[in-house]
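To start, the structure itself, in structure tokens.
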Amino acid sequence: MPKVKTNRVKYPEGWELIEPTLRELDAKMREAEMDTHDGKRKCETLWPIFKVSHQRSRYVYDLYYRRKEISKELYEFCLDQGYADRSLIAKWKKSGYERLCCLRCIQPRDHNYGTTCVCRVPKNLREEKAVECVHCGCQGCASGD
Ligand SMILES: [Zn+2]
Ligand SMILES: [Zn+2]
């Protein structure tokens with residue numbers, strides 16, 4: 001069922017502490033979306049968007065799971081409001097995926113070689129030292145890199 005957005009959102013306690021950062025990331029997101037595509041490869045124009053959405057999810061995740069500074073209620077609120085990506089965070093909780101950049105990079109059908117994106121290969125296992133994957137511009141997100 002589609003979510004009905006109303007203006008009468010009830011903000012949980014603690015919202016005012018995280019609101020400035022989320023607003024800032026929101027602004028960055030809008031900037032990334034409006035960025036001109038001149039001179040960039042098509043895939044590259046999406047990278048800033050992936051980056052900001054990753055940052056936003058990571059921020060909410062850290063606040064709840066690592067820094068334990070926000071309540072479960074506020075955490076769930078952020079997910080419901082789309083400030084963080086629930087499915088990406090679900091991956092971060094799994095061992096080996098703690099630093100995963102985006103969900104596309106673990107989808108087998110999107111890759112030319114093998115079943116995983118080049119950015120998921122640990123540094124010590126890959127030949128070239130510097131990588132930048134086409135999906136989100138990730139420069140390596142294997143755990144332990
Ligand atoms: Zn990656
Ligand atoms: Zn990748």
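Naming scheme: A, B, ... for chains in displayed order of the structure tokens; residues 1 onward per chain; ligands 1 onward as shown.
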Using only C-alpha atoms and all ligand atoms, which residues of chain A come within 7 Å of ligand 2, and what is the closest atom pair for each, with the distance in Å to one decimal? Give it as a Markdown table, sorted by chain and residue number.
| residue | atom | partner | partner_atom_place_in_ligand_line | distance |
| --- | --- | --- | --- | --- |
| A:Cys101 | CA | ligand 2 | 1 (Zn) | 6.9 |
| A:Cys105 | CA | ligand 2 | 1 (Zn) | 4.3 |
| A:Cys117 | CA | ligand 2 | 1 (Zn) | 4.8 |
| A:Val118 | CA | ligand 2 | 1 (Zn) | 5.9 |
| A:Cys119 | CA | ligand 2 | 1 (Zn) | 4.4 |
| A:Arg120 | CA | ligand 2 | 1 (Zn) | 6.4 |
| A:Cys133 | CA | ligand 2 | 1 (Zn) | 4.5 |
| A:Val134 | CA | ligand 2 | 1 (Zn) | 6.6 |
| A:His135 | CA | ligand 2 | 1 (Zn) | 5.5 |
| A:Cys136 | CA | ligand 2 | 1 (Zn) | 6.1 |
| A:Gly137 | CA | ligand 2 | 1 (Zn) | 6.8 |
| A:Cys138 | CA | ligand 2 | 1 (Zn) | 5.3 |
Practice task
Write out as a list in words the residues lying within 10 Å of Asp35 (chain A), counting only C-alpha atoms and excluding same-chain residues fewer than 3 positions away.
Solution key: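 The contact residues come out as Met29, Arg30, Glu31, Ala32, Asp38, Thr45, Leu46, Pro48 and Ile49 of chain A.
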Practice task
List every residue of region 16-138 of chain A that DSSP, applied to the backbone, labels as helix (DSSP H, G or I), and write the result as an MDAnalysis selection string.
Solution key: chainID A and resid 16:34 43:66 72:80 86:92 103:106 108:110 118:120 123:125
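Distance-wise, CA of Tyr59 (chain A) and CA of Cys78 (chain A) end up 10.5 Å apart.
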Problem - Shell around region 83-85 of chain A at 8 Å using only C-alpha atoms, local window under 3 positions removed, as number ranges by chain - result: A: 22, 53, 56-58, 60-61, 78-80, 88-89
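For Leu100 (chain A), the list of residues within 9 Å, based on only C-alpha atoms and with local chain neighbours fewer than 4 positions off taken out, reads Leu88, Lys91, Trp92, Gly96, Cys105, Ile106, Arg120, Gly140, Cys141, Ala142 and Ser143 of chain A.
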Practice task
Using only C-alpha atoms, determine which residues lie at most 12 Å from Glu16 (chain A), disregarding the query and same-chain residues fewer than 5 positions distant; provide the list as a list in words.
Solution key: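 Once the nearby chain positions are removed, what remains is Tyr11, Thr21, Leu22, Arg23, Ile70 and Leu74 of chain A.
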Please, could you write that set of residues out with N, CA and C atoms as a PDB file, in the first residue's frame?
ATOM      1  N   TYR A  11       7.035  13.820  15.165  1.00  0.00           N
ATOM      2  CA  TYR A  11       8.457  13.557  15.275  1.00  0.00           C
ATOM      3  C   TYR A  11       8.808  12.993  16.648  1.00  0.00           C
ATOM      4  N   THR A  21      21.656  17.529  10.593  1.00  0.00           N
ATOM      5  CA  THR A  21      22.502  16.706   9.728  1.00  0.00           C
ATOM      6  C   THR A  21      21.691  16.098   8.584  1.00  0.00           C
ATOM      7  N   LEU A  22      20.499  15.619   8.908  1.00  0.00           N
ATOM      8  CA  LEU A  22      19.664  15.028   7.861  1.00  0.00           C
ATOM      9  C   LEU A  22      19.241  16.066   6.833  1.00  0.00           C
ATOM     10  N   ARG A  23      18.974  17.268   7.304  1.00  0.00           N
ATOM     11  CA  ARG A  23      18.602  18.343   6.368  1.00  0.00           C
ATOM     12  C   ARG A  23      19.771  18.676   5.444  1.00  0.00           C
ATOM     13  N   ILE A  70      20.323   7.315  19.624  1.00  0.00           N
ATOM     14  CA  ILE A  70      18.910   7.565  19.317  1.00  0.00           C
ATOM     15  C   ILE A  70      18.064   6.363  19.735  1.00  0.00           C
ATOM     16  N   LEU A  74      12.975   6.513  17.170  1.00  0.00           N
ATOM     17  CA  LEU A  74      13.513   7.502  16.242  1.00  0.00           C
ATOM     18  C   LEU A  74      14.204   6.821  15.059  1.00  0.00           C
TER      19      LEU A  74
END
